[in-house]
Each structure stands twice: as structure tokens, then as C-alpha cells.
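Data file: structure13.cif. Format and content: mmCIF, C-alpha atoms and all ligand atoms.
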```cif
data_data
loop_
_atom_site.label_atom_id
_atom_site.label_comp_id
_atom_site.auth_asym_id
_atom_site.auth_seq_id
_atom_site.Cartn_x
_atom_site.Cartn_y
_atom_site.Cartn_z
CA MET P 1 125.47 117.16 217.52
CA ALA P 2 123.64 117.96 214.27
CA GLY P 3 121.69 115.36 212.34
CA ILE P 4 119.42 115.51 209.32
CA TYR P 5 116.22 113.49 209.06
CA ILE P 6 114.43 113.12 205.74
CA HIS P 7 110.94 111.64 205.61
CA ILE P 8 110.16 109.45 202.58
CA PRO P 9 106.36 109.62 202.38
CA PHE P 10 105.52 106.52 200.33
CA CYS P 11 104.09 103.16 201.39
CA LYS P 12 102.83 100.24 199.31
CA CYS P 13 99.79 100.05 201.59
CA PHE P 14 98.81 101.33 205.03
CA CYS P 15 99.36 99.36 208.23
CA ASN P 16 96.42 99.39 210.63
CA TYR P 17 98.15 101.19 213.50
CA CYS P 18 100.12 103.84 211.64
CA ASP P 19 99.67 107.61 211.84
CA PHE P 20 102.76 108.65 209.88
CA TYR P 21 102.07 110.69 206.76
CA SER P 22 102.44 108.68 203.57
CA ILE P 23 100.79 108.10 200.20
CA THR P 24 100.56 104.95 198.09
CA ASP P 25 100.94 106.72 194.73
CA SER P 26 104.60 106.01 193.97
CA SER P 27 104.33 107.75 190.57
CA GLU P 28 105.19 110.89 192.58
CA THR P 29 108.57 109.49 193.62
CA GLU P 30 110.73 111.29 191.06
CA SER P 31 109.06 114.65 191.64
CA PHE P 32 109.41 114.13 195.40
CA ILE P 33 113.14 113.50 195.02
CA ARG P 34 113.51 116.64 192.89
CA ALA P 35 111.73 118.58 195.63
CA VAL P 36 114.03 117.14 198.33
CA LEU P 37 117.10 118.12 196.30
CA LEU P 38 115.78 121.68 195.89
CA GLU P 39 114.82 121.93 199.56
CA THR P 40 118.23 120.63 200.64
CA ALA P 41 119.91 123.37 198.59
CA MET P 42 117.52 126.00 199.98
CA GLN P 43 118.24 124.95 203.59
CA ALA P 44 122.01 124.76 203.11
CA ARG P 45 122.65 127.52 205.64
CA TYR P 46 120.16 126.27 208.20
CA LEU P 47 122.77 124.60 210.41
CA ASP P 48 125.18 127.49 210.09
CA GLY P 49 128.30 125.38 209.45
CA GLU P 50 127.62 122.86 212.23
CA THR P 51 129.02 119.44 211.43
CA VAL P 52 126.35 116.89 210.51
CA GLU P 53 127.11 113.59 212.23
CA THR P 54 123.99 111.63 211.23
CA ILE P 55 121.73 111.38 208.20
CA TYR P 56 118.52 109.39 208.63
CA LEU P 57 116.00 108.43 205.96
CA GLY P 58 112.76 107.43 207.64
CA GLY P 59 109.19 107.00 206.55
CA GLY P 60 106.97 106.08 205.16
CA THR P 61 109.02 103.44 203.43
CA PRO P 62 112.51 104.59 202.35
CA SER P 63 113.22 101.09 201.04
CA MET P 64 110.72 101.79 198.24
CA LEU P 65 113.42 104.04 196.75
CA THR P 66 116.12 102.52 194.59
CA ALA P 67 119.68 102.73 195.88
CA GLY P 68 120.29 105.26 193.10
CA GLN P 69 117.47 107.51 194.34
CA THR P 70 118.65 107.11 197.94
CA GLY P 71 122.16 108.01 196.81
CA GLN P 72 120.90 111.20 195.13
CA ILE P 73 119.42 112.37 198.44
CA ILE P 74 122.53 111.49 200.45
CA SER P 75 124.75 113.28 197.91
CA ALA P 76 122.56 116.38 198.10
CA VAL P 77 122.97 116.45 201.89
CA ARG P 78 126.73 115.96 201.57
CA ASN P 79 126.98 118.72 198.93
CA ASN P 80 124.97 121.29 200.86
CA PHE P 81 125.92 120.68 204.50
CA ALA P 82 129.16 120.25 206.42
CA VAL P 83 128.91 116.46 206.82
CA SER P 84 131.53 114.78 209.03
CA ASP P 85 134.14 112.47 207.48
CA ASP P 86 132.48 109.42 209.01
CA PRO P 87 128.75 110.12 209.40
CA GLU P 88 126.22 107.54 210.52
CA ILE P 89 123.82 107.13 207.59
CA THR P 90 120.68 105.16 208.35
CA VAL P 91 117.85 103.93 206.13
CA GLU P 92 114.60 102.42 207.42
CA ILE P 93 113.80 99.17 205.66
CA ASN P 94 110.65 97.11 205.24
CA PRO P 95 111.64 93.41 205.18
CA ASP P 96 109.60 92.62 202.06
CA ASP P 97 111.50 95.20 199.98
CA VAL P 98 114.83 93.43 200.50
CA TYR P 99 116.47 91.39 197.74
CA GLU P 100 119.87 89.79 197.41
CA GLY P 101 122.41 92.56 196.84
CA TYR P 102 120.21 95.36 198.19
CA PHE P 103 122.30 96.03 201.32
CA ALA P 104 125.52 95.91 199.28
CA GLU P 105 124.00 98.60 197.02
CA LEU P 106 123.16 100.70 200.07
CA ALA P 107 126.65 100.20 201.51
CA SER P 108 128.15 101.37 198.21
CA ILE P 109 126.43 104.76 198.56
CA GLY P 110 127.60 105.21 202.15
CA VAL P 111 124.72 103.76 204.16
CA ASN P 112 126.22 102.14 207.27
CA ARG P 113 123.16 101.53 209.44
CA VAL P 114 119.70 100.12 208.74
CA SER P 115 116.57 100.07 210.85
CA LEU P 116 114.45 97.07 209.98
CA GLY P 117 110.68 97.11 210.60
CA VAL P 118 110.39 93.62 212.05
CA GLN P 119 107.50 94.58 214.41
CA SER P 120 106.85 90.98 215.48
CA TRP P 121 108.13 87.45 214.89
CA ASN P 122 104.58 86.14 215.05
CA ASP P 123 102.92 85.89 211.62
CA LYS P 124 99.39 86.08 213.04
CA ARG P 125 100.24 89.32 214.83
CA LEU P 126 101.88 90.73 211.70
CA LYS P 127 98.70 90.00 209.80
CA TYR P 128 96.61 91.63 212.51
CA LEU P 129 98.81 94.75 212.25
CA GLY P 130 98.34 94.80 208.47
CA ARG P 131 102.02 94.30 207.75
CA ARG P 132 103.02 93.11 204.27
CA HIS P 133 105.84 90.85 205.42
CA ASP P 134 106.15 87.68 207.47
CA ALA P 135 108.73 86.53 210.03
CA ARG P 136 110.63 84.52 207.43
CA GLN P 137 111.22 87.68 205.37
CA SER P 138 112.48 89.54 208.44
CA ALA P 139 114.96 86.76 209.21
CA LYS P 140 116.16 86.72 205.61
CA ALA P 141 116.56 90.52 205.60
CA LEU P 142 118.61 90.48 208.82
CA GLN P 143 120.84 87.70 207.49
CA LEU P 144 121.42 89.58 204.21
CA ALA P 145 122.25 92.85 206.01
CA PHE P 146 125.02 91.18 208.01
CA LYS P 147 126.22 89.16 205.02
CA GLU P 148 126.40 92.22 202.77
CA GLY P 149 128.39 94.30 205.20
CA ILE P 150 125.92 96.39 207.20
CA VAL P 151 126.53 95.34 210.78
CA ASN P 152 124.92 98.31 212.53
CA VAL P 153 121.33 97.11 212.47
CA SER P 154 118.31 97.94 214.60
CA ALA P 155 114.99 96.12 214.57
CA ASP P 156 111.67 97.77 215.42
CA LEU P 157 109.32 95.70 217.56
CA ILE P 158 105.77 96.63 218.58
CA TYR P 159 104.51 95.97 222.09
CA GLY P 160 100.99 96.56 223.40
CA VAL P 161 99.04 94.96 220.55
CA PRO P 162 95.64 93.83 221.92
CA GLY P 163 95.98 90.33 223.36
CA MET P 164 99.78 90.46 223.47
CA THR P 165 101.38 89.25 226.72
CA THR P 166 104.75 89.96 228.30
CA GLY P 167 105.62 86.36 227.32
CA ASP P 168 104.97 87.29 223.68
CA LEU P 169 107.25 90.29 224.04
CA LYS P 170 109.93 88.08 225.61
CA ASN P 171 109.70 85.74 222.61
CA ASP P 172 110.03 88.64 220.17
CA LEU P 173 113.08 89.95 222.05
CA GLU P 174 114.72 86.53 222.20
CA GLU P 175 114.17 85.95 218.46
CA THR P 176 115.71 89.35 217.74
CA PHE P 177 118.74 88.88 220.02
CA ALA P 178 119.46 85.58 218.26
CA PHE P 179 120.77 87.67 215.36
CA ARG P 180 123.46 89.48 217.42
S1 LIG Q 1 104.97 100.74 206.24
FE1 LIG Q 1 105.56 102.01 208.02
S2 LIG Q 1 104.99 104.12 207.49
FE2 LIG Q 1 103.95 102.75 206.02
S3 LIG Q 1 101.89 102.45 206.90
FE3 LIG Q 1 103.20 100.74 207.64
S4 LIG Q 1 104.08 101.46 209.60
FE4 LIG Q 1 103.24 103.25 208.53
#
```

Just give me the structure of the file as C-alpha cells.
Ligand code: SF4
Amino acid sequence: MAGIYIHIPFCKCFCNYCDFYSITDSSETESFIRAVLLETAMQARYLDGETVETIYLGGGTPSMLTAGQTGQIISAVRNNFAVSDDPEITVEINPDDVYEGYFAELASIGVNRVSLGVQSWNDKRLKYLGRRHDARQSAKALQLAFKEGIVNVSADLIYGVPGMTTGDLKNDLEETFAFR
């Protein structure tokens, strides 16, 4: 099964634990998108006609892009590769980037799965990790995703933070499963 992953290398700030490549200068966003469109066209033959079943925008922070910018990238993949009729299209989301209507905008450009960077339901731990959001924002983001029609949702959680117990992990899992 073929899938295409595109890394969106922008973050508003850096979390303490993270080794992924990203920059905080979002003034480069438009030129980055132009480069992705060119690269997508250049790599059009890379999969040699194989059907692409999944498209995944990860990061970095893909939710720093507008839905329009995200749509440009997805269209470029669709135009240059043999994408299946019903591909899974995923975008990674930071909870603090979400606003009312955001998931509906994503759904309108074909996104049908989101991966939400919840990381923890404990605000102290989120602060320790250097995250920009709090648990309330994660809950709001999950509610909006379901309300606005994206029901295929995953939530990232971090385990192994210094001082964290298996009881803490159990709490995080229970809070997350409450949204099923
Ligand atoms: S937002 Fe994500 S990619 Fe950016 S620094 Fe934090 S963990 Fe890393």
C-alpha cells in the first residue's frame, strides 16, 4: 500500500522534548508551499503508478497552515499521483490552533482523519513539556472535530515523563477514551 507523508516544518515555539526538525519563522510558509508543489511534480513518477491510499501531513505543526494552504498541498498530490477514490487524508493538529469551523474547513478539502497532539490531560505536565495548550483546549478540539464531521480521530499521549506513574498514564487513557 502506498502512502505519502509530507512534513510541515513550522512550530510557534519548541517543546522541551522534541527532536523533529522545525523552524519558528512562519514568514517562510508560502515559499515552503511553493517548494512542496514543485517537489510533488518532480516526484510524480516515484511511485510508478502505484495507487496512493493515504496522505499524511505531519510536523512540525501542520495546523499552522490555513485550510487553503493545506488544500493546495493535497491537490498537488492528487494531481501528480494515482490517488485512490477514497484515500485516508490525515492532518496533525495542535489543540491551540483549533477554532470553530476549522475542522469543517479541513473536511471540505478532503481531510477525513486528524491526529491531535493532546500529550497529557494534566496541565502541570503540559507546562513541564513546554506545550502551548492546556487540557481544556484539547477537550474543546476533540469535541469540535466530532461535531464538524471528522470522526476518525487519534490523540497523541506521552508516557515516561519524569515523575509520571502508571496511574497517571491510566488517567490520561481514561480521559481520552471518554471521547469515543
Ligand atoms: S509542536 Fe510538535 S513538532 Fe513542534 S516542537 Fe512541539 S512536539 Fe515538536

Within 10 Å of ligand LIG 1 (chain Q) (counting all atoms listed in the file), which residues show up? I'd like them as a VMD selection string.
chain P and resid 7 to 24 58 to 64 92 to 95 117 119 129 to 133

When you look at Asp86 in chain P with a cut-off of 10 Å (counting all atoms listed in the file), what residues show up, excluding the ones that are within fewer than 4 positions of it in the same chain? I need them as a list in words.
Val52, Glu53, Thr54, Gly110 and Asn112 of chain P

For the residues in that selection, give me C-alpha atoms as a short mmCIF file (atom, residue, chain, number, x, y, z; two decimals), in the frame of the given file.
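The file below, part_6.cif, is the result:
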```cif
data_model
loop_
_atom_site.label_atom_id
_atom_site.label_comp_id
_atom_site.auth_asym_id
_atom_site.auth_seq_id
_atom_site.Cartn_x
_atom_site.Cartn_y
_atom_site.Cartn_z
CA VAL P 52 126.35 116.89 210.51
CA GLU P 53 127.11 113.59 212.23
CA THR P 54 123.99 111.63 211.23
CA GLY P 110 127.60 105.21 202.15
CA ASN P 112 126.22 102.14 207.27
#
```

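Put simply, CA of Gly71 in chain P is 11.9 Å away from CA of Ile55 in chain P.
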
Polymer residues at most 6 Å from Ala104 in chain P, only C-alpha atoms, same-chain spacing of 3 or more positions, as a PyMOL selection string
chain P and resi 101+107+148

Export, as a tab-separated table (two decimals), keeping the file's coordinate frame, the selected residues with C-alpha atoms.
```tsv
chain	number	residue	atom	x	y	z
P	101	GLY	CA	122.41	92.56	196.84
P	107	ALA	CA	126.65	100.20	201.51
P	148	GLU	CA	126.40	92.22	202.77
```

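Picture a line from CA of Arg113 in chain P to CA of Asp97 in chain P; it runs 16.3 Å.
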
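Of the residues listed (P:Thr176, P:Ser108, P:Ser84, P:Gln43), P:Thr176 shows the shortest atom-to-atom separation from Gln143 in chain P; distances use only C-alpha atoms.
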
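The interatomic distance for the pair CA of Val36 in chain P and CA of Ile73 in chain P works out to 7.2 Å.
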
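For the point (111.4, 83.5, 208.5) in file coordinates, the residues within 12 Å, using only C-alpha atoms, are Pro95, Asp96, Val118, Ser120, Trp121, Asn122, Asp123, His133, Asp134, Ala135, Arg136, Gln137, Ser138, Ala139, Lys140, Ala141, Leu142, Gln143, Glu175 and Thr176 of chain P.
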
With a distance cut-off of 9 Å and all atoms listed in the file, select the neighbouring residues of Gln69 in chain P, excluding the residue or stretch itself and same-chain residues fewer than 5 positions from it, and output the selection as a PDB file with C-alpha atoms, keeping the file's coordinate frame.
```pdb
ATOM      1  CA  GLU P  30     110.730 111.290 191.060  1.00  0.00           C
ATOM      2  CA  ILE P  33     113.140 113.500 195.020  1.00  0.00           C
ATOM      3  CA  ILE P  74     122.530 111.490 200.450  1.00  0.00           C
TER       4      ILE P  74
END
```
